[in-house]
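**Q** Mind having a look at this structure? Questions to follow.
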Amino acid sequence: MPLGTSKCRFRPSRGFVNPKIFLYASRQPMVALRLDSQQGHIAPMSRDLVLQKTTDFLALSASSLHTLTISVSKFDFTDPQEHPQNEEYWGHVNPIGPRACYDEGKRVAETMCYAYAKQENVEVRVARIFNTFGPRMHMNDGRVVSNFIIQSLKGEPITIFGSGKQTRSFQYVSDLVAGMIALMNSNISSPVNLGNPEEHTIMDFANIIKEKIGGDSKITNIEAAEDDPKRRKPDIAKAKKHLKWEPV
């Protein structure tokens, strides 16, 4: 049911910078919020819903006394100045760049979770997820792994933004799911990194995929994307210690 109808409960927020923000607790079942990213931009529909749906879930958790687990991402760090990135690092974000709405949306979601934890005693679990791949990725979702695979299968040039020397750390989706379950079942309320600390360059990934698939695709470098992180590698010491988790 759309928010704003008579069957939704409205509560004015307390403790937020913007006094006009309202917290909504819908009586209808919540649906998962899908964040779409293509060419570094969050989809317009999702941009409008990030704040609204996050507060929906938080208000629902406050009224039902359930623990809320939220997944944010490595974009909390954007182009990090520390390497590897642990949970204490606050990040390095361009608030007016082409992908700012995506980056800042993730960061404000964390802020709202801990505001609710302090003022409404909501139990929260925050997973900071690093690059992940696995079955059933959408062929047009713009992620580097699916992009390279689709381009190779079609015999198209494998396009790399910039030099290809930028690094990423990819984990398999089943490892991520195991980490999320461990976090949900824990009593750790502070953010926890879930990712693979094994770091490779984007050029390495392109060559691996080209070799596995075969074909005649050539690797092509195109103009670097603005604000594209140069290095990304999670420090997962906290997950290892408290969740007994690491990717296999």
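Note on naming: chains are A, B, ... as they come in the structure tokens, residues start from 1 per chain, ligands start from 1 in the order shown.
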Could you produce a table of the residues of stretch 138-236 of chain A lying within 8 Å of stretch 81-102 of chain A, with the nearest pair of atoms per residue and their separation in Å rounded to one decimal, using only C-alpha atoms, ordered by chain and increasing residue number, as a Markdown table?
**A**
| residue | atom | partner | partner_atom | distance |
| --- | --- | --- | --- | --- |
| A:Pro191 | CA | A:Glu87 | CA | 6.3 |
| A:Val192 | CA | A:Glu87 | CA | 6.4 |
| A:Asn193 | CA | A:Glu87 | CA | 6.5 |
| A:Glu226 | CA | A:Pro98 | CA | 7.2 |
| A:Asp227 | CA | A:Gly97 | CA | 7.2 |
| A:Arg231 | CA | A:His83 | CA | 7.6 |
| A:Arg232 | CA | A:Pro84 | CA | 7.0 |
| A:Lys233 | CA | A:Pro84 | CA | 5.0 |
| A:Pro234 | CA | A:Gln85 | CA | 5.0 |
| A:Asp235 | CA | A:Asn86 | CA | 4.8 |
| A:Ile236 | CA | A:Asn86 | CA | 7.2 |
**Q** Do a neighbour search on A:Asn187 at 9 Å with only C-alpha atoms, toss out local chain neighbours closer than 2 positions, and write the hits as an mmCIF file with C-alpha atoms, in the first residue's frame.
**A**
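What ended up in selection.cif:
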data_model
loop_
_atom_site.group_PDB
_atom_site.id
_atom_site.type_symbol
_atom_site.label_atom_id
_atom_site.label_comp_id
_atom_site.auth_asym_id
_atom_site.auth_seq_id
_atom_site.Cartn_x
_atom_site.Cartn_y
_atom_site.Cartn_z
ATOM 1 C CA GLU A 123 18.706 -3.737 17.500
ATOM 2 C CA ARG A 125 23.158 -5.334 12.315
ATOM 3 C CA LEU A 183 26.024 -11.565 11.390
ATOM 4 C CA MET A 184 22.249 -11.781 11.830
ATOM 5 C CA ASN A 185 22.703 -14.462 14.475
ATOM 6 C CA SER A 189 25.713 -4.130 16.454
#
**Q** Contacts between stretch 199-223 of chain A and stretch 108-185 of chain A, please, where a residue of stretch 108-185 of chain A counts if it comes within 8 Å (with only C-alpha atoms); show its shortest atom pair and distance in Å to one decimal, rows by chain and ascending number, as a Markdown table.
**A**
| residue | atom | partner | partner_atom | distance |
| --- | --- | --- | --- | --- |
| A:Val145 | CA | A:Phe205 | CA | 7.8 |
| A:Phe148 | CA | A:Ala206 | CA | 6.5 |
| A:Ile149 | CA | A:Ile209 | CA | 6.5 |
| A:Gln151 | CA | A:Ser217 | CA | 7.5 |
| A:Ser152 | CA | A:Ser217 | CA | 5.7 |
| A:Leu153 | CA | A:Ile213 | CA | 7.0 |
| A:Gly155 | CA | A:Ser217 | CA | 4.9 |
| A:Glu156 | CA | A:Ser217 | CA | 5.5 |
| A:Pro157 | CA | A:Lys218 | CA | 4.9 |
| A:Ile158 | CA | A:Ile219 | CA | 4.6 |
| A:Thr159 | CA | A:Thr220 | CA | 4.9 |
| A:Ile160 | CA | A:Asn221 | CA | 4.8 |
| A:Phe161 | CA | A:Ile222 | CA | 5.1 |
| A:Gly162 | CA | A:Glu223 | CA | 5.3 |
| A:Ser163 | CA | A:Asn221 | CA | 6.4 |
| A:Gly164 | CA | A:Met203 | CA | 4.7 |
| A:Lys165 | CA | A:Thr201 | CA | 5.3 |
| A:Gln166 | CA | A:Thr201 | CA | 5.5 |
| A:Thr167 | CA | A:Thr201 | CA | 4.1 |
| A:Arg168 | CA | A:Glu199 | CA | 5.7 |
| A:Ser169 | CA | A:Glu199 | CA | 4.7 |
| A:Phe170 | CA | A:Glu199 | CA | 7.8 |
**Q** Run DSSP on the backbone and give me the residues of stretch 135-246 of chain A it puts in alpha helix (DSSP H), as a count of residues only.
**A** 37
**Q** Please compute the atom CA of A:Gln119-atom CA of A:Leu194 distance, one decimal, in Å.
**A**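 So the answer is 27.1 Å.
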**Q** Mind giving me the straight-line distance from atom CA of A:Arg107 to atom CA of A:Asp228 in Å, one decimal?
**A**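 Answer for the atom CA of A:Arg107 to atom CA of A:Asp228 separation: 17.4 Å.
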